[in-house]
file upload32.cif (mmCIF, C-alpha atoms)
data_input
#
loop_
_atom_site.label_atom_id
_atom_site.label_comp_id
_atom_site.auth_asym_id
_atom_site.auth_seq_id
_atom_site.Cartn_x
_atom_site.Cartn_y
_atom_site.Cartn_z
CA MET A 1 -2.14 1.28 -8.58
CA SER A 2 -2.83 4.69 -7.17
CA PHE A 3 -6.32 5.47 -5.94
CA ILE A 4 -7.85 8.84 -6.93
CA ASN A 5 -10.76 9.79 -4.69
CA TYR A 6 -12.66 12.79 -6.13
CA MET A 7 -15.04 12.76 -3.19
CA ALA A 8 -12.35 13.14 -0.53
CA ARG A 9 -10.10 14.99 -3.00
CA GLU A 10 -7.28 12.63 -2.26
CA ILE A 11 -4.74 10.69 -4.19
CA ASN A 12 -3.28 7.58 -2.55
CA CYS A 13 -0.08 5.91 -3.72
CA LYS A 14 1.75 2.79 -2.57
CA ILE A 15 5.53 2.67 -2.23
CA VAL A 16 7.32 -0.57 -1.38
CA TYR A 17 10.79 -0.79 0.20
CA TYR A 18 12.50 -3.94 -1.07
CA GLY A 19 15.92 -5.48 -0.38
CA PRO A 20 17.77 -8.36 1.27
CA GLY A 21 17.31 -9.34 4.91
CA LEU A 22 18.71 -6.84 7.44
CA CYS A 23 19.50 -4.20 4.78
CA GLY A 24 17.57 -1.50 6.68
CA LYS A 25 14.11 -1.30 5.12
CA THR A 26 12.32 -1.15 8.45
CA THR A 27 14.96 1.29 9.75
CA ASN A 28 14.16 3.64 6.84
CA LEU A 29 10.48 3.63 7.79
CA GLN A 30 11.23 4.03 11.49
CA TYR A 31 13.37 7.09 10.78
CA ILE A 32 10.68 8.62 8.56
CA TYR A 33 8.11 7.92 11.27
CA GLU A 34 10.24 9.54 14.00
CA ARG A 35 10.99 12.65 11.96
CA THR A 36 7.55 13.38 10.54
CA ASN A 37 5.06 15.79 12.12
CA PRO A 38 2.25 13.98 13.95
CA GLU A 39 -0.40 15.55 11.70
CA ALA A 40 1.30 14.21 8.57
CA LYS A 41 1.57 10.58 9.62
CA GLY A 42 -0.54 7.71 10.80
CA LYS A 43 0.46 4.89 13.09
CA MET A 44 3.36 2.74 11.98
CA ILE A 45 2.49 -0.94 11.97
CA SER A 46 5.13 -3.64 12.08
CA LEU A 47 4.16 -7.27 11.69
CA ALA A 48 7.39 -8.71 13.04
CA THR A 49 8.71 -11.81 14.81
CA GLU A 50 9.72 -11.78 18.48
CA THR A 51 13.26 -11.00 17.38
CA GLU A 52 12.03 -7.94 15.45
CA ARG A 53 12.51 -9.44 12.02
CA THR A 54 9.78 -8.40 9.60
CA LEU A 55 7.32 -11.27 9.27
CA PHE A 56 4.80 -9.85 6.81
CA PHE A 57 5.22 -6.10 6.35
CA ASP A 58 5.72 -2.69 7.99
CA PHE A 59 3.22 -0.03 7.07
CA LEU A 60 3.42 3.75 7.42
CA PRO A 61 0.83 6.16 6.01
CA LEU A 62 2.16 9.66 5.20
CA SER A 63 0.56 12.87 3.93
CA LEU A 64 2.82 15.02 1.80
CA GLY A 65 0.58 18.04 1.25
CA GLU A 66 -1.69 19.21 -1.55
CA ILE A 67 -1.32 19.44 -5.30
CA ARG A 68 -4.02 21.38 -7.11
CA GLY A 69 -6.46 20.82 -4.27
CA PHE A 70 -5.80 17.10 -3.97
CA LYS A 71 -4.23 15.73 -0.78
CA THR A 72 -1.33 13.44 -1.64
CA ARG A 73 -1.08 10.41 0.60
CA PHE A 74 1.63 7.82 0.41
CA HIS A 75 1.40 4.38 1.95
CA LEU A 76 4.89 3.07 2.65
CA TYR A 77 5.38 -0.69 2.97
CA THR A 78 8.42 -2.86 3.56
CA VAL A 79 8.66 -6.51 2.58
CA PRO A 80 10.23 -9.23 4.75
CA GLY A 81 13.77 -9.55 3.40
CA GLN A 82 14.51 -13.10 4.46
CA VAL A 83 14.61 -15.44 1.45
CA PHE A 84 11.99 -17.90 2.72
CA TYR A 85 9.27 -15.25 3.02
CA ASP A 86 8.96 -14.98 -0.76
CA ALA A 87 5.21 -15.72 -0.82
CA SER A 88 4.59 -12.70 1.44
CA ARG A 89 6.84 -10.44 -0.66
CA LYS A 90 4.78 -11.19 -3.76
CA LEU A 91 1.57 -10.19 -1.99
CA ILE A 92 2.95 -6.85 -0.83
CA LEU A 93 3.97 -5.87 -4.35
CA LYS A 94 0.34 -5.98 -5.50
CA GLY A 95 -0.84 -2.53 -6.54
CA VAL A 96 2.61 -0.94 -6.10
CA ASP A 97 3.19 2.55 -7.55
CA GLY A 98 6.87 2.96 -6.74
CA VAL A 99 9.77 0.86 -5.46
CA VAL A 100 12.80 1.67 -3.31
CA PHE A 101 15.52 -0.95 -3.43
CA VAL A 102 17.58 -0.75 -0.24
CA ALA A 103 20.97 -2.33 -0.79
CA ASP A 104 23.32 -3.39 1.99
CA SER A 105 26.71 -1.85 1.13
CA GLN A 106 28.75 -4.46 3.03
CA ILE A 107 31.03 -6.55 0.80
CA GLY A 108 29.73 -9.73 2.39
CA ARG A 109 26.17 -8.88 1.31
CA ILE A 110 26.80 -8.25 -2.38
CA GLU A 111 25.43 -11.64 -3.41
CA ALA A 112 22.36 -11.14 -1.22
CA ASN A 113 21.71 -7.77 -2.90
CA ILE A 114 21.94 -9.26 -6.38
CA GLU A 115 19.69 -12.15 -5.42
CA SER A 116 17.10 -9.80 -3.89
CA LEU A 117 17.09 -7.55 -6.95
CA GLU A 118 16.57 -10.57 -9.21
CA ASN A 119 13.77 -11.66 -6.90
CA LEU A 120 12.19 -8.20 -7.15
CA ARG A 121 12.21 -8.36 -10.95
CA THR A 122 10.72 -11.86 -10.96
CA ASN A 123 8.00 -11.07 -8.43
CA LEU A 124 7.03 -7.85 -10.21
CA ALA A 125 6.83 -9.69 -13.52
CA GLU A 126 4.45 -12.20 -11.92
CA GLN A 127 2.14 -9.30 -11.06
CA GLY A 128 2.38 -7.91 -14.58
CA TYR A 129 4.87 -5.14 -13.79
CA ALA A 130 8.28 -4.42 -15.27
CA LEU A 131 10.79 -2.86 -12.87
CA ASP A 132 12.20 -0.68 -15.66
CA LYS A 133 8.79 0.88 -16.25
CA LEU A 134 8.01 1.59 -12.61
CA PRO A 135 9.06 4.64 -10.56
CA TYR A 136 12.14 3.14 -8.94
CA VAL A 137 15.11 4.38 -6.88
CA VAL A 138 18.05 2.70 -5.14
CA GLN A 139 19.59 3.41 -1.75
CA TYR A 140 23.08 2.13 -0.86
CA ASN A 141 22.63 1.78 2.88
CA LYS A 142 25.08 1.29 5.75
CA ARG A 143 27.74 3.61 4.29
CA ASP A 144 29.08 4.13 7.85
CA LEU A 145 30.23 0.53 8.25
CA PRO A 146 33.74 -0.81 7.56
CA GLU A 147 34.25 -3.36 4.79
CA ILE A 148 31.85 -1.80 2.34
CA ALA A 149 31.88 -1.89 -1.45
CA SER A 150 32.44 1.36 -3.34
CA VAL A 151 29.38 3.16 -4.65
CA GLU A 152 30.72 2.74 -8.19
CA GLU A 153 30.88 -1.02 -7.76
CA LEU A 154 27.39 -1.20 -6.23
CA ARG A 155 26.02 1.02 -8.95
CA GLN A 156 27.47 -1.19 -11.64
CA LEU A 157 26.00 -4.32 -10.08
CA LEU A 158 22.65 -3.03 -8.83
CA ASN A 159 21.79 0.00 -10.88
CA PRO A 160 22.78 -0.60 -14.49
CA THR A 161 19.80 1.43 -15.76
CA GLN A 162 20.98 4.45 -13.73
CA VAL A 163 17.81 5.29 -11.85
CA PRO A 164 18.20 7.91 -9.07
CA ASP A 165 20.41 6.46 -6.33
CA PHE A 166 21.48 7.63 -2.88
CA GLU A 167 24.03 6.79 -0.24
CA GLY A 168 22.39 6.13 3.08
CA VAL A 169 22.88 5.50 6.77
CA ALA A 170 19.29 4.75 7.69
CA ARG A 171 20.11 4.37 11.39
CA THR A 172 21.05 8.07 11.60
CA GLY A 173 18.79 9.20 8.77
CA ILE A 174 21.39 10.01 6.13
CA GLY A 175 19.80 9.71 2.69
CA VAL A 176 16.46 8.50 4.05
CA PHE A 177 14.34 11.51 3.10
CA ASP A 178 16.28 12.07 -0.15
CA THR A 179 15.35 8.53 -1.16
CA LEU A 180 11.70 8.97 -0.21
CA LYS A 181 11.38 12.31 -1.97
CA ALA A 182 12.95 10.94 -5.13
CA VAL A 183 10.59 8.00 -5.40
CA ALA A 184 7.54 10.13 -4.46
CA LYS A 185 8.45 12.61 -7.19
CA LEU A 186 8.76 9.84 -9.76
CA VAL A 187 5.37 8.43 -8.71
CA LEU A 188 3.69 11.83 -9.07
CA THR A 189 5.41 12.43 -12.40
CA GLU A 190 4.09 9.08 -13.59
CA LEU A 191 0.57 10.09 -12.49
CA LYS A 192 0.94 13.29 -14.44
CA ARG A 193 1.72 11.21 -17.49
CA GLY A 194 -1.49 9.31 -16.80
CA GLY A 195 0.23 6.12 -15.61
CA MET B 196 0.09 -3.18 -16.15
CA GLY B 197 -1.35 -4.77 -12.98
CA ASP B 198 -4.84 -3.76 -11.86
CA PRO B 199 -6.68 -0.89 -13.49
CA GLN B 200 -6.51 2.50 -11.79
CA MET B 201 -8.93 2.86 -8.88
CA VAL B 202 -10.95 6.07 -9.06
CA MET B 203 -13.86 7.18 -6.88
CA TYR B 204 -16.39 9.79 -8.03
CA GLU B 205 -18.95 11.59 -5.88
CA GLU B 206 -21.97 9.84 -7.40
CA GLU B 207 -20.68 6.31 -6.78
CA PHE B 208 -19.25 7.27 -3.42
CA ASN B 209 -22.70 8.38 -2.27
CA GLN B 210 -24.25 5.14 -3.51
CA ILE B 211 -21.61 3.10 -1.68
CA GLN B 212 -21.99 5.16 1.49
CA THR B 213 -25.76 4.55 1.43
CA VAL B 214 -25.21 0.77 1.27
CA VAL B 215 -22.62 0.92 4.04
CA ASP B 216 -24.83 3.07 6.31
CA ARG B 217 -27.79 0.78 5.83
CA LEU B 218 -25.74 -2.37 6.43
CA LEU B 219 -24.47 -0.85 9.68
CA LYS B 220 -28.05 -0.49 10.94
CA GLU B 221 -29.55 -3.65 9.52
CA ALA B 222 -26.73 -5.84 10.83
CA ASN B 223 -26.80 -4.19 14.27
CA SER B 224 -23.08 -3.68 13.89
CA LYS B 225 -20.60 -1.19 15.34
CA VAL B 226 -18.52 -0.39 12.29
CA VAL B 227 -18.72 -1.15 8.57
CA PHE B 228 -16.02 -0.22 6.12
CA ILE B 229 -14.90 -0.94 2.57
CA VAL B 230 -11.30 -1.26 1.50
CA ASP B 231 -9.80 -1.93 -1.90
CA LYS B 232 -7.49 -4.94 -2.25
CA ASN B 233 -4.46 -2.65 -2.05
CA GLY B 234 -5.45 -1.42 1.40
CA GLN B 235 -6.99 1.96 0.55
CA LEU B 236 -10.03 2.87 2.60
CA ILE B 237 -13.02 3.63 0.36
CA ALA B 238 -15.92 4.23 2.76
CA ALA B 239 -16.70 3.77 6.46
CA SER B 240 -19.65 4.07 8.79
CA GLY B 241 -20.34 3.72 12.52
CA GLU B 242 -18.15 4.26 15.56
CA ILE B 243 -15.00 5.22 13.69
CA ASP B 244 -13.92 8.33 15.60
CA ASN B 245 -11.53 6.46 17.87
CA LEU B 246 -10.63 3.82 15.34
CA ASP B 247 -7.44 3.83 13.26
CA THR B 248 -9.23 3.05 9.99
CA THR B 249 -6.10 3.58 7.86
CA SER B 250 -4.23 0.85 9.72
CA LEU B 251 -7.27 -1.41 9.79
CA ALA B 252 -7.66 -0.98 6.03
CA SER B 253 -4.04 -1.90 5.38
CA LEU B 254 -4.15 -4.93 7.68
CA THR B 255 -7.45 -6.12 6.19
CA ALA B 256 -5.93 -6.00 2.71
CA GLY B 257 -2.85 -7.85 4.01
CA ASN B 258 -5.11 -10.45 5.56
CA ILE B 259 -7.10 -10.97 2.36
CA ALA B 260 -3.87 -11.10 0.35
CA ALA B 261 -2.42 -13.77 2.66
CA THR B 262 -5.63 -15.80 2.58
CA GLY B 263 -5.74 -15.46 -1.21
CA GLY B 264 -2.18 -16.80 -1.32
CA MET B 265 -3.24 -19.82 0.75
CA ALA B 266 -6.24 -20.38 -1.53
CA LYS B 267 -3.97 -20.40 -4.57
CA LEU B 268 -1.74 -23.06 -2.99
CA LEU B 269 -4.85 -25.19 -2.40
CA LYS B 270 -6.01 -24.54 -5.98
CA GLU B 271 -9.01 -22.65 -4.68
CA ASN B 272 -10.05 -19.46 -6.42
CA GLU B 273 -10.43 -17.38 -3.23
CA PHE B 274 -11.60 -17.71 0.33
CA ALA B 275 -14.21 -15.02 -0.01
CA THR B 276 -15.36 -14.93 3.61
CA GLN B 277 -13.43 -14.69 6.88
CA PHE B 278 -14.67 -14.44 10.42
CA HIS B 279 -12.62 -13.58 13.50
CA GLU B 280 -14.22 -14.01 16.89
CA GLY B 281 -12.95 -12.02 19.86
CA GLU B 282 -14.10 -11.71 23.47
CA ASN B 283 -15.95 -8.47 22.81
CA ALA B 284 -15.62 -7.67 19.13
CA ASN B 285 -15.99 -9.85 16.08
CA ILE B 286 -14.93 -9.12 12.52
CA HIS B 287 -16.61 -10.42 9.39
CA ILE B 288 -14.60 -9.90 6.20
CA GLN B 289 -16.13 -10.44 2.78
CA LEU B 290 -14.50 -10.15 -0.62
CA VAL B 291 -16.82 -8.35 -3.03
CA GLY B 292 -16.39 -9.11 -6.72
CA ASN B 293 -12.72 -9.95 -6.16
CA ARG B 294 -12.07 -6.22 -6.14
CA VAL B 295 -12.99 -4.67 -2.79
CA ILE B 296 -13.36 -5.93 0.78
CA LEU B 297 -16.39 -5.38 2.99
CA VAL B 298 -15.65 -5.44 6.72
CA VAL B 299 -18.25 -5.57 9.49
CA ILE B 300 -17.28 -5.21 13.14
CA PHE B 301 -19.95 -6.26 15.63
CA ASP B 302 -20.43 -7.25 19.25
CA SER B 303 -22.93 -9.34 21.22
CA LYS B 304 -25.80 -7.08 20.13
CA SER B 305 -25.67 -8.84 16.77
CA SER B 306 -24.95 -12.35 15.57
CA LEU B 307 -22.88 -14.00 12.86
CA GLY B 308 -26.06 -15.26 11.18
CA LEU B 309 -27.59 -11.81 10.91
CA VAL B 310 -24.34 -10.26 9.70
CA ARG B 311 -23.90 -12.92 7.01
CA LEU B 312 -27.44 -12.44 5.80
CA ARG B 313 -27.16 -8.66 5.57
CA VAL B 314 -23.68 -8.78 4.07
CA LYS B 315 -24.95 -11.00 1.26
CA ARG B 316 -27.50 -8.42 0.16
CA ALA B 317 -25.04 -5.53 0.51
CA CYS B 318 -22.54 -7.49 -1.59
CA ASP B 319 -24.95 -7.82 -4.49
CA GLU B 320 -25.63 -4.08 -4.41
CA LEU B 321 -21.95 -3.17 -4.12
CA ASN B 322 -21.08 -5.44 -7.02
CA VAL B 323 -23.43 -3.51 -9.29
CA ILE B 324 -22.02 -0.15 -8.15
CA PHE B 325 -18.38 -1.16 -8.55
CA GLU B 326 -18.96 -2.69 -11.96
CA ALA B 327 -20.56 0.56 -13.12
CA LEU B 328 -17.68 2.52 -11.58
CA LEU B 329 -15.11 0.39 -13.37
CA ARG B 330 -16.86 0.92 -16.70
CA LYS B 331 -16.88 4.67 -16.07
CA VAL B 332 -13.18 4.72 -15.20
CA ASN B 333 -12.34 2.79 -18.36
CA THR B 334 -14.35 5.12 -20.61
CA PRO B 335 -11.89 6.73 -23.02
CA GLY B 336 -11.47 10.46 -22.81
CA ARG B 337 -11.45 10.68 -19.04
CA ASP B 338 -8.25 12.49 -18.23
CA SER B 339 -6.41 12.14 -14.98
CA PRO B 340 -6.79 15.26 -12.82
CA PHE B 341 -3.03 15.14 -12.60
CA ALA B 342 -2.46 15.48 -16.31
CA GLU B 343 -2.06 19.21 -15.91
CA ILE B 344 0.17 19.39 -12.88
CA THR B 345 3.58 20.84 -13.51
CA ASP B 346 7.02 19.78 -12.36
CA GLU B 347 6.91 22.91 -10.24
CA ASP B 348 3.76 21.69 -8.45
CA ILE B 349 5.59 18.49 -7.61
CA ASP B 350 8.72 20.33 -6.49
CA ASN B 351 6.68 22.64 -4.27
CA LEU B 352 5.42 19.63 -2.35
CA PHE B 353 8.94 18.94 -1.20
CA ASN B 354 10.03 22.43 -0.27
CA ASP B 355 10.25 22.11 3.49
#
call {"tool": "encode", "arguments": {"input": "upload32.cif", "output": "structure tokens"}}
result
Amino acid sequence: MSFINYMAREINCKIVYYGPGLCGKTTNLQYIYERTNPEAKGKMISLATETERTLFFDFLPLSLGEIRGFKTRFHLYTVPGQVFYDASRKLILKGVDGVVFVADSQIGRIEANIESLENLRTNLAEQGYALDKLPYVVQYNKRDLPEIASVEELRQLLNPTQVPDFEGVARTGIGVFDTLKAVAKLVLTELKRGG
Amino acid sequence: MGDPQMVMYEEEFNQIQTVVDRLLKEANSKVVFIVDKNGQLIAASGEIDNLDTTSLASLTAGNIAATGGMAKLLKENEFATQFHEGENANIHIQLVGNRVILVVIFDSKSSLGLVRLRVKRACDELNVIFEALLRKVNTPGRDSPFAEITDEDIDNLFND
């Protein structure tokens, strides 16, 4: 849940990047970190294994500017994508305000995407959330690779409710900020509605 | 859905800050801060100028979340207290009312016994403040300050 601090005149929101292992969640955050002005970002923290696989989470605090005198701050988190880290994924979803599902466009990863999306729904439900009621966007990542599924096919499988979706190449930054902006907008719109 | 909205008003913030400032002195500690369970920093006191409190807040919440997960597996309600001992700095982490986390960082000028004793009293006081805050937040008729923002306000935020 967002945190409204009248004293500091700040609003803090939590966005979680979800998706199967090696889909590019951490890469999204790294690109955002590299391309954001120093005054608008905090330190990026990655709790990763020696082989740079996310072990617990990545964390990046961002300031987006002011709305009506309130500073808007977003805390971006990634979950560990590997299947056996499910207990950690559940913890990171606590208090979430918006979700980005990063899908791996490669044909060989279609099953992994579907499984991860199912896992997201289940884990959110355990925390008392419904994915369809949360600010939620989808990114089809790795569009630069060969052997990828068409966007239409991915959309049909992973985005039947037609939330905002974006093609991405997180490594070079394509679609990264479009995705972030879209989910941040949805989160703020939800706040406006008193969510 | 999920936890209730966390809101902080000036009155309660000042009360919390008073408790935190006093704990800092009475426990002979270097830094005291309070974080909510989602990792948002609520209040801090002490030598924080060169400290990345945002990251510390997030990691503290992650730590408490992981420990809470372990507790659940052992059919425990929570592990409310944690202590990490370093060569120079030590961290005492205390869950307050299952809602916020009180963190005390101290060195050899203090001791675990003193910190525990002072934290216990601060916890009781914080519990009262946060319960009152929660009641206030849940009072009907309190509109979100964001109820009146327009789509244009939101769009303007993203005009680079």
call {"tool": "atom_distance", "arguments": {"input": "upload32.cif", "atom1": "CA of Gln106 in chain A", "atom2": "CA of Leu154 in chain A"}}
result
9.9 Å
call {"tool": "residues_around", "arguments": {"input": "upload32.cif", "residues": "Val99 in chain A", "least_positions_apart": "2", "cutoff": "7 Å", "atoms": "all atoms listed in the file", "output": "short mmCIF file (atom, residue, chain, number, x, y, z; two decimals) with C-alpha atoms, in the coordinates of the input"}}
result
data_model
loop_
_atom_site.label_atom_id
_atom_site.label_comp_id
_atom_site.auth_asym_id
_atom_site.auth_seq_id
_atom_site.Cartn_x
_atom_site.Cartn_y
_atom_site.Cartn_z
CA ILE A 15 5.53 2.67 -2.23
CA VAL A 16 7.32 -0.57 -1.38
CA TYR A 17 10.79 -0.79 0.20
CA PHE A 101 15.52 -0.95 -3.43
CA PRO A 135 9.06 4.64 -10.56
CA TYR A 136 12.14 3.14 -8.94
CA VAL A 137 15.11 4.38 -6.88
#
call {"tool": "atom_distance", "arguments": {"input": "upload32.cif", "atom1": "CA of Tyr6 in chain A", "atom2": "CA of Ile237 in chain B"}}
result
11.2 Å
call {"tool": "closest_atom_pairs", "arguments": {"input": "upload32.cif", "of": "chain A", "to": "chain B", "cutoff": "9 Å", "atoms": "all atoms listed in the file", "output": "JSON lines"}}
result
{"residue": "A:Met1", "atom": "CA", "partner": "B:Gln200", "partner_atom": "CA", "distance": 5.6}
{"residue": "A:Ser2", "atom": "CA", "partner": "B:Gln200", "partner_atom": "CA", "distance": 6.3}
{"residue": "A:Phe3", "atom": "CA", "partner": "B:Met201", "partner_atom": "CA", "distance": 4.7}
{"residue": "A:Ile4", "atom": "CA", "partner": "B:Val202", "partner_atom": "CA", "distance": 4.7}
{"residue": "A:Asn5", "atom": "CA", "partner": "B:Met203", "partner_atom": "CA", "distance": 4.6}
{"residue": "A:Tyr6", "atom": "CA", "partner": "B:Tyr204", "partner_atom": "CA", "distance": 5.2}
{"residue": "A:Met7", "atom": "CA", "partner": "B:Glu205", "partner_atom": "CA", "distance": 4.9}
{"residue": "A:Ala8", "atom": "CA", "partner": "B:Glu205", "partner_atom": "CA", "distance": 8.6}
{"residue": "A:Asn12", "atom": "CA", "partner": "B:Gln235", "partner_atom": "CA", "distance": 7.4}
{"residue": "A:Lys14", "atom": "CA", "partner": "B:Asn233", "partner_atom": "CA", "distance": 8.3}
{"residue": "A:Gly42", "atom": "CA", "partner": "B:Thr249", "partner_atom": "CA", "distance": 7.5}
{"residue": "A:Lys43", "atom": "CA", "partner": "B:Ser250", "partner_atom": "CA", "distance": 7.0}
{"residue": "A:Met44", "atom": "CA", "partner": "B:Ser250", "partner_atom": "CA", "distance": 8.1}
{"residue": "A:Ile45", "atom": "CA", "partner": "B:Ser250", "partner_atom": "CA", "distance": 7.3}
{"residue": "A:Phe56", "atom": "CA", "partner": "B:Gly257", "partner_atom": "CA", "distance": 8.4}
{"residue": "A:Phe57", "atom": "CA", "partner": "B:Gly257", "partner_atom": "CA", "distance": 8.6}
{"residue": "A:Phe59", "atom": "CA", "partner": "B:Ser253", "partner_atom": "CA", "distance": 7.7}
{"residue": "A:Leu60", "atom": "CA", "partner": "B:Ser250", "partner_atom": "CA", "distance": 8.5}
{"residue": "A:Pro61", "atom": "CA", "partner": "B:Thr249", "partner_atom": "CA", "distance": 7.6}
{"residue": "A:Leu64", "atom": "CA", "partner": "B:Leu352", "partner_atom": "CA", "distance": 6.7}
{"residue": "A:Gly65", "atom": "CA", "partner": "B:Leu352", "partner_atom": "CA", "distance": 6.2}
{"residue": "A:Glu66", "atom": "CA", "partner": "B:Leu352", "partner_atom": "CA", "distance": 7.2}
{"residue": "A:Ile67", "atom": "CA", "partner": "B:Asp348", "partner_atom": "CA", "distance": 6.4}
{"residue": "A:Arg68", "atom": "CA", "partner": "B:Ile344", "partner_atom": "CA", "distance": 7.4}
{"residue": "A:His75", "atom": "CA", "partner": "B:Gln235", "partner_atom": "CA", "distance": 8.8}
{"residue": "A:Ala87", "atom": "CA", "partner": "B:Gly264", "partner_atom": "CA", "distance": 7.5}
{"residue": "A:Ser88", "atom": "CA", "partner": "B:Ala261", "partner_atom": "CA", "distance": 7.2}
{"residue": "A:Leu91", "atom": "CA", "partner": "B:Ala260", "partner_atom": "CA", "distance": 6.0}
{"residue": "A:Ile92", "atom": "CA", "partner": "B:Gly257", "partner_atom": "CA", "distance": 7.6}
{"residue": "A:Lys94", "atom": "CA", "partner": "B:Asn233", "partner_atom": "CA", "distance": 6.8}
{"residue": "A:Gly95", "atom": "CA", "partner": "B:Asn233", "partner_atom": "CA", "distance": 5.8}
{"residue": "A:Val96", "atom": "CA", "partner": "B:Asn233", "partner_atom": "CA", "distance": 8.3}
{"residue": "A:Gln127", "atom": "CA", "partner": "B:Gly197", "partner_atom": "CA", "distance": 6.0}
{"residue": "A:Gly128", "atom": "CA", "partner": "B:Gly197", "partner_atom": "CA", "distance": 5.1}
{"residue": "A:Tyr129", "atom": "CA", "partner": "B:Met196", "partner_atom": "CA", "distance": 5.7}
{"residue": "A:Ala130", "atom": "CA", "partner": "B:Met196", "partner_atom": "CA", "distance": 8.3}
{"residue": "A:Lys181", "atom": "CA", "partner": "B:Phe353", "partner_atom": "CA", "distance": 7.1}
{"residue": "A:Lys185", "atom": "CA", "partner": "B:Ile349", "partner_atom": "CA", "distance": 6.6}
{"residue": "A:Leu188", "atom": "CA", "partner": "B:Ile349", "partner_atom": "CA", "distance": 7.1}
{"residue": "A:Thr189", "atom": "CA", "partner": "B:Asp346", "partner_atom": "CA", "distance": 7.5}
{"residue": "A:Leu191", "atom": "CA", "partner": "B:Phe341", "partner_atom": "CA", "distance": 6.2}
{"residue": "A:Lys192", "atom": "CA", "partner": "B:Ala342", "partner_atom": "CA", "distance": 4.5}
{"residue": "A:Arg193", "atom": "CA", "partner": "B:Ala342", "partner_atom": "CA", "distance": 6.1}
{"residue": "A:Gly194", "atom": "CA", "partner": "B:Ser339", "partner_atom": "CA", "distance": 6.0}
{"residue": "A:Gly195", "atom": "CA", "partner": "B:Gln200", "partner_atom": "CA", "distance": 8.6}
call {"tool": "residues_around", "arguments": {"input": "upload32.cif", "residues": "Asp144 in chain A", "least_positions_apart": "5", "cutoff": "10 Å", "atoms": "all atoms listed in the file", "output": "ChimeraX atom specification"}}
result
/A:105-106,167-172,174
